[in-house]
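Raw start_39.cif, mmCIF, C-alpha atoms and all ligand atoms:
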```
data_upload
#
loop_
_atom_site.label_atom_id
_atom_site.label_comp_id
_atom_site.auth_asym_id
_atom_site.auth_seq_id
_atom_site.Cartn_x
_atom_site.Cartn_y
_atom_site.Cartn_z
CA MET T 1 8.38 36.30 -18.05
CA THR T 2 5.82 33.64 -18.70
CA GLY T 3 2.10 33.74 -19.41
CA SER T 4 0.40 34.48 -16.14
CA ILE T 5 -1.90 37.26 -15.04
CA ALA T 6 0.84 38.19 -12.55
CA ALA T 7 2.77 39.48 -15.59
CA TYR T 8 1.03 42.80 -14.93
CA LYS T 9 3.39 43.20 -11.96
CA ALA T 10 6.37 42.72 -14.28
CA ALA T 11 6.54 46.38 -15.24
CA ILE T 12 6.96 47.38 -11.60
CA LEU T 13 9.45 44.57 -11.09
CA VAL T 14 11.65 45.82 -13.95
CA ARG T 15 11.45 49.36 -12.56
CA LEU T 16 12.46 48.25 -9.06
CA LEU T 17 15.33 46.12 -10.34
CA ILE T 18 16.70 49.04 -12.32
CA ARG T 19 16.27 51.34 -9.32
CA ALA T 20 18.26 48.78 -7.25
CA GLY T 21 21.14 49.14 -9.72
CA ALA T 22 20.54 46.17 -12.00
CA GLU T 23 20.86 46.09 -15.75
CA VAL T 24 17.77 44.26 -16.96
CA ARG T 25 16.99 42.37 -20.14
CA VAL T 26 13.57 40.83 -20.49
CA VAL T 27 12.83 37.57 -22.31
CA MET T 28 9.17 36.60 -22.69
CA THR T 29 7.41 33.42 -23.68
CA PRO T 30 4.96 33.84 -26.55
CA THR T 31 2.01 33.46 -24.12
CA ALA T 32 3.33 36.22 -21.84
CA LYS T 33 2.68 38.70 -24.67
CA ALA T 34 -1.05 38.19 -24.12
CA PHE T 35 -0.72 39.72 -20.65
CA ILE T 36 1.76 42.56 -21.16
CA THR T 37 3.34 43.97 -24.30
CA PRO T 38 7.02 43.67 -25.19
CA LEU T 39 6.89 47.40 -25.97
CA THR T 40 6.14 48.26 -22.33
CA LEU T 41 8.96 46.07 -21.05
CA ALA T 42 11.43 47.13 -23.75
CA THR T 43 10.74 50.76 -22.86
CA LEU T 44 11.24 50.16 -19.14
CA SER T 45 14.31 47.96 -19.52
CA LYS T 46 15.76 50.09 -22.35
CA SER T 47 16.50 46.91 -24.31
CA PRO T 48 14.63 44.98 -26.99
CA VAL T 49 12.56 42.09 -25.63
CA PRO T 50 13.23 38.83 -27.48
CA VAL T 51 10.37 36.34 -27.59
CA GLU T 52 11.17 34.03 -30.50
CA PHE T 53 14.40 32.32 -31.51
CA PHE T 54 14.74 34.69 -34.45
CA ASN T 55 13.08 37.74 -35.94
CA PRO T 56 10.93 36.51 -38.91
CA GLU T 57 11.28 39.91 -40.63
CA ASN T 58 15.06 39.98 -40.94
CA GLY T 59 16.20 36.57 -39.63
CA ALA T 60 18.18 38.16 -36.74
CA TRP T 61 19.02 35.39 -34.28
CA ASN T 62 18.31 35.78 -30.55
CA SER T 63 21.15 33.82 -29.02
CA HIS T 64 20.02 31.95 -25.92
CA VAL T 65 23.66 31.15 -25.18
CA SER T 66 24.85 34.75 -25.09
CA LEU T 67 21.83 35.82 -23.02
CA GLY T 68 22.58 33.01 -20.56
CA GLU T 69 26.23 34.04 -20.42
CA TRP T 70 25.49 37.75 -20.06
CA ALA T 71 23.32 37.51 -16.96
CA ASP T 72 24.55 37.49 -13.35
CA ALA T 73 21.16 36.12 -12.36
CA LEU T 74 18.18 34.72 -14.24
CA LEU T 75 14.81 35.51 -12.69
CA ILE T 76 11.68 33.87 -14.04
CA ALA T 77 8.79 35.95 -12.73
CA PRO T 78 6.03 35.07 -13.08
CA ALA T 79 6.83 31.38 -13.53
CA THR T 80 3.83 29.31 -14.59
CA ALA T 81 3.31 25.63 -13.72
CA CYS T 82 3.99 24.84 -17.38
CA THR T 83 7.34 26.64 -17.51
CA LEU T 84 8.38 25.14 -14.17
CA ALA T 85 7.60 21.67 -15.56
CA LYS T 86 9.61 22.39 -18.71
CA MET T 87 12.54 23.67 -16.67
CA ALA T 88 12.43 20.65 -14.37
CA THR T 89 12.49 18.21 -17.28
CA GLY T 90 14.68 20.07 -19.76
CA VAL T 91 12.03 20.83 -22.38
CA ALA T 92 13.62 23.57 -24.46
CA ASP T 93 10.79 24.56 -26.79
CA ASN T 94 10.95 28.34 -26.49
CA LEU T 95 13.60 31.02 -26.13
CA LEU T 96 13.11 31.39 -22.39
CA THR T 97 13.60 27.70 -21.56
CA THR T 98 16.67 27.51 -23.83
CA VAL T 99 18.12 30.54 -22.02
CA TYR T 100 17.48 28.69 -18.75
CA LEU T 101 19.27 25.57 -19.97
CA SER T 102 22.24 27.60 -21.20
CA ALA T 103 22.54 29.86 -18.15
CA LYS T 104 25.45 29.34 -15.79
CA CYS T 105 24.33 32.01 -13.34
CA PRO T 106 22.05 31.54 -10.29
CA VAL T 107 18.42 31.04 -11.29
CA PHE T 108 15.42 32.29 -9.31
CA VAL T 109 11.81 31.36 -10.00
CA ALA T 110 8.78 33.20 -8.65
CA PRO T 111 5.85 30.84 -9.22
CA ALA T 112 2.41 32.26 -9.97
CA MET T 113 -0.66 30.09 -10.40
CA ASP T 114 -3.94 29.03 -8.90
CA LEU T 115 -3.81 27.38 -5.46
CA ASP T 116 -4.72 23.88 -6.66
CA MET T 117 -2.16 23.98 -9.45
CA TYR T 118 0.45 25.13 -6.96
CA ALA T 119 -0.47 22.45 -4.41
CA HIS T 120 -0.58 19.69 -7.04
CA PRO T 121 2.03 16.99 -6.33
CA THR T 122 3.43 17.41 -9.86
CA THR T 123 4.12 21.12 -9.35
CA GLN T 124 5.63 20.46 -5.93
CA TYR T 125 7.74 17.66 -7.39
CA ASN T 126 8.96 19.98 -10.16
CA LEU T 127 9.81 22.69 -7.64
CA ASP T 128 11.74 20.17 -5.55
CA SER T 129 13.62 19.06 -8.67
CA LEU T 130 14.46 22.66 -9.53
CA LYS T 131 15.73 23.27 -6.00
CA SER T 132 17.82 20.11 -6.16
CA TYR T 133 19.48 21.49 -9.32
CA GLY T 134 20.50 24.53 -7.27
CA ASN T 135 17.75 26.94 -8.38
CA TYR T 136 16.11 29.27 -5.89
CA VAL T 137 12.36 29.37 -5.42
CA ILE T 138 10.79 32.64 -4.28
CA GLU T 139 7.72 31.30 -2.52
CA PRO T 140 4.37 32.63 -3.70
CA ASP T 141 2.14 34.53 -1.31
CA GLU T 142 -1.25 33.53 0.05
CA GLY T 143 -4.23 35.70 -0.80
CA GLU T 144 -6.86 36.38 -3.41
CA LEU T 145 -6.07 34.74 -6.73
CA ALA T 146 -7.18 35.68 -10.25
CA SER T 147 -9.76 32.89 -10.07
CA GLY T 148 -11.36 34.61 -7.07
CA LEU T 149 -10.25 31.75 -4.81
CA GLN T 150 -8.14 32.36 -1.72
CA GLY T 151 -4.92 30.47 -1.19
CA LYS T 152 -1.22 30.12 -1.92
CA GLY T 153 -0.17 30.86 -5.49
CA ARG T 154 0.03 34.64 -5.90
CA MET T 155 3.43 35.65 -7.23
CA ALA T 156 5.51 37.26 -4.47
CA GLU T 157 5.26 41.06 -4.58
CA PRO T 158 7.92 42.77 -6.78
CA GLU T 159 9.43 44.40 -3.64
CA GLN T 160 9.88 40.96 -2.09
CA ILE T 161 11.47 39.56 -5.26
CA VAL T 162 13.90 42.47 -5.52
CA ALA T 163 14.74 42.14 -1.80
CA THR T 164 15.54 38.42 -2.32
CA LEU T 165 17.90 39.21 -5.20
CA THR T 166 19.52 42.12 -3.38
CA GLN T 167 20.10 39.94 -0.31
CA PHE T 168 21.58 37.23 -2.53
CA PHE T 169 24.10 39.60 -4.10
CA ASP T 170 24.93 41.21 -0.75
CA ARG T 171 25.73 37.78 0.64
CA GLN T 172 28.20 37.13 -2.17
CA ALA T 173 30.64 39.43 -0.47
CA HIS T 174 30.28 37.75 2.94
CA LEU T 175 33.06 35.24 2.50
CA SER T 176 35.31 37.04 0.07
CA GLY T 177 38.93 36.61 1.14
CA LYS T 178 38.23 33.23 2.75
CA THR T 179 39.56 29.96 1.35
CA VAL T 180 37.65 26.84 2.33
CA LEU T 181 38.44 23.18 1.80
CA VAL T 182 35.44 20.91 1.26
CA THR T 183 35.81 17.14 1.20
CA ALA T 184 33.07 15.27 -0.64
CA GLY T 185 32.01 11.88 -1.91
CA PRO T 186 33.17 8.39 -1.05
CA THR T 187 36.67 6.98 -0.90
CA ILE T 188 37.39 3.75 -2.75
CA GLU T 189 39.71 1.21 -1.21
CA PRO T 190 40.93 -1.31 -3.80
CA ILE T 191 41.12 -5.01 -2.92
CA ASP T 192 42.45 -6.16 -6.28
CA PRO T 193 42.23 -4.74 -9.83
CA VAL T 194 38.48 -5.44 -10.02
CA ARG T 195 37.11 -5.13 -6.48
CA PHE T 196 36.97 -2.44 -3.86
CA ILE T 197 35.43 -1.34 -0.55
CA SER T 198 33.39 1.86 -0.61
CA ASN T 199 30.10 3.39 0.55
CA TYR T 200 26.96 4.99 -0.87
CA SER T 201 28.06 8.64 -0.84
CA SER T 202 27.09 10.43 -4.07
CA GLY T 203 28.94 13.66 -3.27
CA LYS T 204 25.71 15.71 -3.49
CA MET T 205 25.98 17.17 0.03
CA GLY T 206 29.64 18.12 -0.36
CA TYR T 207 29.14 19.59 -3.85
CA ALA T 208 26.18 21.64 -2.54
CA LEU T 209 28.45 23.01 0.19
CA ALA T 210 31.13 23.88 -2.34
CA ALA T 211 28.54 25.71 -4.48
CA GLU T 212 27.12 27.61 -1.51
CA LEU T 213 30.52 28.69 -0.21
CA GLN T 214 31.56 29.77 -3.67
CA GLN T 215 28.32 31.68 -4.11
CA ARG T 216 29.11 33.67 -0.97
CA GLY T 217 32.47 34.72 -2.33
CA ALA T 218 34.82 32.13 -0.80
CA ARG T 219 37.61 30.50 -2.76
CA VAL T 220 36.75 26.80 -2.61
CA ILE T 221 39.00 23.77 -2.87
CA LEU T 222 36.79 20.75 -3.48
CA LEU T 223 38.62 17.58 -2.54
CA THR T 224 36.47 14.83 -3.93
CA GLY T 225 36.32 11.08 -4.15
CA LYS T 226 34.83 9.47 -7.26
CA CYS T 227 31.44 11.09 -7.99
CA ALA T 228 29.21 11.27 -11.05
CA LEU T 229 28.57 14.99 -10.52
CA THR T 230 29.75 18.13 -12.28
CA PRO T 231 31.63 20.33 -9.81
CA PRO T 232 30.32 23.89 -9.46
CA ALA T 233 31.98 26.23 -11.94
CA GLY T 234 34.89 28.19 -10.51
CA VAL T 235 35.89 25.88 -7.67
CA GLN T 236 39.31 24.25 -7.59
CA VAL T 237 38.85 20.49 -7.84
CA LEU T 238 41.24 17.87 -6.46
CA GLU T 239 40.22 14.31 -7.31
CA VAL T 240 41.36 11.39 -5.21
CA LEU T 241 40.47 7.74 -4.88
CA THR T 242 41.49 6.42 -1.49
CA ALA T 243 41.36 7.64 2.12
CA GLU T 244 45.15 7.77 2.14
CA GLU T 245 45.21 10.03 -0.95
CA MET T 246 42.50 12.23 0.54
CA TYR T 247 44.48 12.50 3.78
CA HIS T 248 47.65 13.74 2.03
CA ALA T 249 45.77 16.18 -0.23
CA ALA T 250 43.71 17.53 2.71
CA CYS T 251 46.71 18.09 4.98
CA THR T 252 48.50 20.01 2.22
CA ALA T 253 45.51 22.08 1.09
CA PHE T 254 44.36 22.93 4.64
CA LYS T 255 47.57 24.90 5.26
CA SER T 256 46.41 27.63 2.85
CA CYS T 257 42.78 27.57 4.04
CA ASP T 258 40.76 29.52 6.57
CA GLY T 259 38.53 26.55 7.21
CA ALA T 260 37.36 23.12 6.10
CA VAL T 261 34.11 21.21 5.89
CA MET T 262 34.61 17.47 6.12
CA CYS T 263 31.67 16.02 4.26
CA ALA T 264 33.37 13.06 2.59
CA ALA T 265 32.40 9.56 3.63
CA VAL T 266 35.90 8.27 4.27
CA ALA T 267 36.57 4.57 4.67
CA ASP T 268 37.82 3.83 8.17
CA TYR T 269 39.52 0.63 6.97
CA THR T 270 41.39 -0.40 3.86
CA PRO T 271 42.74 -3.78 2.79
CA GLN T 272 46.10 -4.55 4.38
CA GLN T 273 47.36 -5.57 0.96
CA VAL T 274 46.11 -4.82 -2.54
CA ALA T 275 46.48 -7.85 -4.82
CA ASP T 276 48.16 -7.18 -8.19
CA ALA T 277 45.97 -9.74 -9.97
CA LYS T 278 42.32 -10.64 -9.61
CA ILE T 279 41.85 -12.81 -6.54
CA LYS T 280 40.47 -16.17 -7.62
CA LYS T 281 37.43 -17.54 -5.85
CA GLN T 282 37.90 -20.52 -3.61
CA GLU T 283 35.62 -23.13 -2.10
CA GLU T 284 36.30 -22.06 1.50
CA ALA T 285 35.34 -18.80 3.17
CA TRP T 286 37.83 -16.01 2.62
CA THR T 287 39.12 -13.58 5.20
CA LEU T 288 40.23 -10.11 4.14
CA THR T 289 42.54 -8.33 6.58
CA LEU T 290 41.92 -4.60 6.91
CA ARG T 291 43.99 -1.87 8.48
CA ARG T 292 42.91 1.55 9.77
CA THR T 293 43.05 4.54 7.46
CA PRO T 294 44.23 7.92 8.76
CA ASP T 295 41.47 10.03 10.31
CA ILE T 296 41.61 13.12 8.12
CA ALA T 297 39.30 15.30 10.22
CA ALA T 298 41.25 14.44 13.39
CA ALA T 299 44.54 15.32 11.65
CA LEU T 300 43.16 18.70 10.55
CA GLY T 301 41.78 19.18 14.07
CA GLU T 302 45.32 18.87 15.42
CA MET T 303 46.80 21.41 13.00
CA LYS T 304 43.85 23.81 12.87
CA GLY T 305 44.96 26.70 15.10
CA ASP T 306 42.38 29.45 14.51
CA ARG T 307 41.00 27.86 11.38
CA LEU T 308 37.39 26.76 11.31
CA LEU T 309 36.77 23.01 11.21
CA VAL T 310 33.31 21.63 10.48
CA GLY T 311 32.69 17.91 10.51
CA PHE T 312 29.83 15.60 9.71
CA ALA T 313 28.57 12.64 11.69
CA LEU T 314 26.61 9.98 9.88
CA GLU T 315 24.90 7.87 12.52
CA THR T 316 22.42 5.05 12.80
CA ASP T 317 22.02 4.93 16.60
CA HIS T 318 22.90 6.96 19.73
CA GLU T 319 23.19 9.83 17.27
CA GLN T 320 23.76 12.81 19.56
CA GLN T 321 26.13 10.96 21.86
CA ASN T 322 28.29 9.66 18.97
CA ALA T 323 28.29 13.01 17.19
CA ARG T 324 29.36 14.90 20.32
CA LEU T 325 32.23 12.44 20.87
CA LYS T 326 33.44 13.06 17.28
CA LEU T 327 33.09 16.81 17.73
CA GLU T 328 35.39 16.73 20.78
CA ARG T 329 37.81 14.04 19.64
CA LYS T 330 38.44 15.67 16.24
CA ASN T 331 38.61 19.21 17.67
CA MET T 332 35.86 20.54 15.38
CA ASP T 333 34.11 23.88 15.84
CA PHE T 334 30.78 22.30 15.11
CA ILE T 335 29.46 19.05 13.68
CA VAL T 336 26.60 18.34 11.30
CA LEU T 337 24.67 15.29 12.42
CA ASN T 338 22.61 13.35 9.90
CA SER T 339 20.95 10.08 10.80
CA LEU T 340 20.08 7.21 8.50
CA ARG T 341 17.03 6.70 10.71
CA ASP T 342 15.49 9.79 9.07
CA GLN T 343 13.97 8.86 5.73
CA GLY T 344 15.30 11.20 3.05
CA ALA T 345 18.47 12.02 5.01
CA GLY T 346 22.07 11.00 4.35
CA PHE T 347 23.33 9.18 1.27
CA GLY T 348 22.34 9.62 -2.31
CA GLY T 349 19.13 11.65 -2.28
CA ASP T 350 18.58 15.34 -2.92
CA THR T 351 17.46 16.08 0.64
CA ASN T 352 18.95 15.92 4.09
CA LYS T 353 17.84 16.51 7.65
CA VAL T 354 20.54 17.75 9.97
CA THR T 355 21.23 18.90 13.50
CA LEU T 356 24.13 21.26 14.16
CA LEU T 357 25.96 20.57 17.43
CA CYS T 358 28.35 23.20 18.76
CA ARG T 359 31.22 23.05 21.23
CA ASN T 360 29.36 25.13 23.81
CA GLY T 361 26.53 22.58 23.91
CA ASP T 362 24.21 24.55 21.60
CA GLN T 363 22.13 22.53 19.21
CA THR T 364 19.97 23.51 16.21
CA ASP T 365 17.57 21.04 14.61
CA PHE T 366 16.54 21.67 11.03
CA GLU T 367 13.66 20.33 8.99
CA MET T 368 14.15 18.07 6.00
CA LYS T 369 15.40 20.35 3.17
CA SER T 370 17.13 20.17 -0.18
CA LYS T 371 20.87 19.60 0.18
CA ARG T 372 21.47 23.08 -1.22
CA GLU T 373 19.29 24.59 1.52
CA VAL T 374 21.07 22.47 4.14
CA ALA T 375 24.37 23.77 2.76
CA SER T 376 23.09 27.30 3.18
CA ASP T 377 22.20 26.63 6.86
CA ILE T 378 25.66 25.17 7.47
CA VAL T 379 27.41 28.12 5.80
CA ASP T 380 25.26 30.54 7.86
CA GLU T 381 26.62 28.86 10.98
CA MET T 382 30.19 29.01 9.61
CA GLU T 383 29.77 32.75 9.07
CA ARG T 384 28.43 33.14 12.59
CA VAL T 385 31.39 31.26 14.11
CA TRP T 386 33.86 33.19 11.96
CA HIS T 387 32.43 36.49 13.10
CA SER T 388 32.83 35.45 16.72
CA LYS T 389 36.46 34.33 16.21
CA PRO T 390 39.64 36.36 15.89
CA GLN T 391 41.10 36.49 12.34
CA ALA T 392 42.20 33.00 11.17
CA ALA T 393 45.96 32.64 11.34
CA GLN T 394 47.36 30.75 8.41
CA SER T 395 50.68 28.96 8.80
O1 LIG U 401 27.39 12.36 -0.56
P1 LIG U 401 25.90 12.26 -0.28
O2 LIG U 401 25.26 11.10 -1.02
O3 LIG U 401 25.19 13.56 -0.54
O4 LIG U 401 25.71 11.91 1.27
C1 LIG U 401 26.08 12.86 2.21
C2 LIG U 401 26.76 12.20 3.42
C3 LIG U 401 25.79 11.26 4.10
C4 LIG U 401 28.00 11.40 2.98
C5 LIG U 401 27.21 13.38 4.38
O5 LIG U 401 26.06 14.10 4.76
C6 LIG U 401 27.93 12.84 5.61
O6 LIG U 401 27.34 12.49 6.62
N1 LIG U 401 29.29 12.78 5.53
C7 LIG U 401 30.14 12.20 6.57
C8 LIG U 401 30.12 10.69 6.45
C9 LIG U 401 31.02 10.03 7.47
O7 LIG U 401 31.98 9.41 7.09
O8 LIG U 401 30.69 10.23 8.73
P2 LIG U 401 31.49 9.62 10.01
O9 LIG U 401 30.56 9.84 11.13
O10 LIG U 401 31.94 8.25 9.70
O11 LIG U 401 32.78 10.53 10.11
C10 LIG U 401 32.86 11.66 10.99
C11 LIG U 401 33.68 12.77 10.36
O12 LIG U 401 35.05 12.38 10.24
C12 LIG U 401 33.23 13.18 8.98
O13 LIG U 401 33.37 14.58 8.88
C13 LIG U 401 34.21 12.45 8.05
O14 LIG U 401 34.41 13.18 6.83
C14 LIG U 401 35.46 12.46 8.89
N2 LIG U 401 36.37 11.29 8.66
C15 LIG U 401 35.97 10.03 8.92
C16 LIG U 401 36.86 8.98 8.78
C17 LIG U 401 38.18 9.25 8.36
N3 LIG U 401 39.04 8.27 8.18
N4 LIG U 401 38.54 10.52 8.10
C18 LIG U 401 37.67 11.53 8.24
O15 LIG U 401 38.01 12.69 8.00
#
```
Translate this file's structure into structure tokens.
Amino acid sequence: MTGSIAAYKAAILVRLLIRAGAEVRVVMTPTAKAFITPLTLATLSKSPVPVEFFNPENGAWNSHVSLGEWADALLIAPATACTLAKMATGVADNLLTTVYLSAKCPVFVAPAMDLDMYAHPTTQYNLDSLKSYGNYVIEPDEGELASGLQGKGRMAEPEQIVATLTQFFDRQAHLSGKTVLVTAGPTIEPIDPVRFISNYSSGKMGYALAAELQQRGARVILLTGKCALTPPAGVQVLEVLTAEEMYHAACTAFKSCDGAVMCAAVADYTPQQVADAKIKKQEEAWTLTLRRTPDIAAALGEMKGDRLLVGFALETDHEQQNARLKLERKNMDFIVLNSLRDQGAGFGGDTNKVTLLCRNGDQTDFEMKSKREVASDIVDEMERVWHSKPQAAQS
């Protein structure tokens, strides 16, 4: 809890969480104590409420690491603009923000502040950053604020916050028993020991999918090209360099999977020959001969049987037409179209804008969202298709 007038709702929140079956431990920022006492919250949660790093009376240490490890979810409610800014930038100057930085569990924030503070570009930027790190934002409500002004900024009602958490944990069971292969990142096709052909994929979209699938209880095999990202904890990671390596690893892994999401940006061509030594520059123009790489998605499409196959289409023109051709040709269940004509979509950034195209001609267009939210939309569709299919047959 942080220092906001909405802290008065915290007592009810703790009560409701306990009633929903949760074990609750409260951590407060020093300012939060001005709004509600630790005694109230300690009584309701049946646990002492740490505020400082250590108890000045006896030196007892409040370990942010063990608190972060203990929790299945960290909920910051109310979350002030100040704490959101600290979380977004890694400022660990109180117990609560150090717990946040140490926590490996899902993190939810329920912002509470005046409408102008909430609408300020800095706050919105910080919230976007937090979402891009995989945190969940429980949107504030509109209504009368402590200042007397009307607008968006009131912390969501405790019932709403508890419902969001309950829904989150319910969803965790949705994909238990399923094993899903996710390909992510770029492939690298060496030309000689110092040069290569590749593309701009960062792996963010694929890693977000792996995290989302894992969060919903699936066993995830993340088959990744070279990326500068930390894979989500608990997923099985297979690292490869080239399209050829990805092809072999994917064909093997897919056999034990119930489905695959092909998010990697795979090179369609690779040098015919890889030089052993650095190719020396010459005066004349130089021609590099390329050969086709195997189409991994198409290969999985041939062997899929009842498994679910989701592909991506990264387009720059005739988007729908090209995506539909890929959907059919590679025998996918549905394809996720993203276009480089949409600013903020595709490579590198933290956002994407996608359209899902299904075999039966259905199409769903989504707004620009964080890649984690896009992953959630894609996994929703996977669940929907799975529910409409007979049990996946693995062979
Ligand atoms: O990694 P990020 O920076 O977050 O960027 C995300 C992304 C833009 C890479 C991602 O959203 C995306 O669009 N991935 C697919 C990129 C791509 O190669 O698209 P494509 O239209 O060329 O390929 C169509 C499908 O066939 C894809 O599912 C691709 O993985 C697959 N493919 C392509 C070629 C090949 N040899 N084997 C394949 O399996």
For ligand LIG 401 (chain U), return the neighbouring residues as a ChimeraX atom specification (distance at most 7 Å; all atoms listed in the file).
/T:184-185,200-206,243,262-268,293-298,311-315,326,337-338,346-349
Taking only C-alpha atoms into account, name the residue in T:Lys104, T:Asn135, T:Pro190, T:Ala34 that is nearest to Leu67 of chain T.
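Nearest to Leu67 of chain T: T:Lys104.
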From T:Ile12, T:Leu96, T:Ala260, T:Ile76, residue lying nearest Ser63 of chain T [all atoms listed in the file]:
T:Leu96
Students should find that atom CA of Asn322 of chain T and atom CA of Leu309 of chain T are spaced 17.6 Å
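Atom pair atom CA of Tyr133 of chain T / atom CA of Asp170 of chain T has a distance of 22.2 Å (rounded to one decimal).
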So that I can check the surroundings of Leu130 of chain T, please list as a PyMOL selection string every protein, DNA and RNA residue that reaches within 10 Å of it, counting all atoms listed in the file and ignoring chain neighbours fewer than 3 positions away.
chain T and resi 84-85+87-89+107-109+124-127+133-137
Grab the atom CA of Gly153 of chain T to atom CA of Thr37 of chain T distance for me, in Å with one decimal place.
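Distance between the two atoms: 23.2 Å.
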May I have the protein, DNA and RNA residues with any atom at most 9 Å from the point (35.9, 20.2, 17.7), counting all atoms listed in the file, written as a list in words?
Ala298, Gly301, Leu309, Val310, Gly311, Arg324, Lys326, Leu327, Glu328, Arg329, Lys330, Asn331, Met332, Asp333, Phe334, Ile335, Cys358 and Arg359 of chain T
For the selection just defined, write its residues with C-alpha atoms to a file, as a PDB file, keeping the file's coordinate frame.
```pdb
ATOM      1  CA  ALA T 298      41.250  14.440  13.390  1.00  0.00           C
ATOM      2  CA  GLY T 301      41.780  19.180  14.070  1.00  0.00           C
ATOM      3  CA  LEU T 309      36.770  23.010  11.210  1.00  0.00           C
ATOM      4  CA  VAL T 310      33.310  21.630  10.480  1.00  0.00           C
ATOM      5  CA  GLY T 311      32.690  17.910  10.510  1.00  0.00           C
ATOM      6  CA  ARG T 324      29.360  14.900  20.320  1.00  0.00           C
ATOM      7  CA  LYS T 326      33.440  13.060  17.280  1.00  0.00           C
ATOM      8  CA  LEU T 327      33.090  16.810  17.730  1.00  0.00           C
ATOM      9  CA  GLU T 328      35.390  16.730  20.780  1.00  0.00           C
ATOM     10  CA  ARG T 329      37.810  14.040  19.640  1.00  0.00           C
ATOM     11  CA  LYS T 330      38.440  15.670  16.240  1.00  0.00           C
ATOM     12  CA  ASN T 331      38.610  19.210  17.670  1.00  0.00           C
ATOM     13  CA  MET T 332      35.860  20.540  15.380  1.00  0.00           C
ATOM     14  CA  ASP T 333      34.110  23.880  15.840  1.00  0.00           C
ATOM     15  CA  PHE T 334      30.780  22.300  15.110  1.00  0.00           C
ATOM     16  CA  ILE T 335      29.460  19.050  13.680  1.00  0.00           C
ATOM     17  CA  CYS T 358      28.350  23.200  18.760  1.00  0.00           C
ATOM     18  CA  ARG T 359      31.220  23.050  21.230  1.00  0.00           C
TER      19      ARG T 359
END
```
Taking (15.0, 45.8, -21.9) in the coordinates of the supplied file, I want to know which residues reach to within 7 Å of it, counting all atoms listed in the file; could you give the answer as a ChimeraX atom specification?
/T:24-26,41-49
Set the distance at 12 Å and use only C-alpha atoms: which residues neighbour Gly344 of chain T once local chain neighbours fewer than 3 positions away are removed? I'd like the list as a PyMOL selection string.
chain T and resi 338-341+347-354+367-371
Extract, using all atoms listed in the file, all DNA, RNA and protein residues at most 12 Å from Ala146 of chain T, discarding same-chain residues fewer than 2 positions from it, and format them as a ChimeraX atom specification.
/T:4-8,112-115,143-144,148-155
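Proximity ranking of T:Asp141, T:Pro106, T:Pro121, T:Thr164 relative to Ala20 of chain T places T:Thr164 first, based on all atoms listed in the file.
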I want to know what sits within 12 Å of Ala103 of chain T, based on all atoms listed in the file, with residues of the same chain fewer than 5 positions away left out; could you give that as number ranges by chain?
T: 63-75, 87, 96-98, 108, 135, 233
Taking 3 positions as the minimum chain separation for residues in the same chain, which residues sit within 6 Å of segment 256-259 of chain T when counting only C-alpha atoms? Answer as a PyMOL selection string.
chain T and resi 178-180+253+307-309+392
Just-selected residues, C-alpha atoms written as a PDB file, keeping the file's coordinate frame:
```
ATOM      1  CA  LYS T 178      38.230  33.230   2.750  1.00  0.00           C
ATOM      2  CA  THR T 179      39.560  29.960   1.350  1.00  0.00           C
ATOM      3  CA  VAL T 180      37.650  26.840   2.330  1.00  0.00           C
ATOM      4  CA  ALA T 253      45.510  22.080   1.090  1.00  0.00           C
ATOM      5  CA  ARG T 307      41.000  27.860  11.380  1.00  0.00           C
ATOM      6  CA  LEU T 308      37.390  26.760  11.310  1.00  0.00           C
ATOM      7  CA  LEU T 309      36.770  23.010  11.210  1.00  0.00           C
ATOM      8  CA  ALA T 392      42.200  33.000  11.170  1.00  0.00           C
TER       9      ALA T 392
END
```
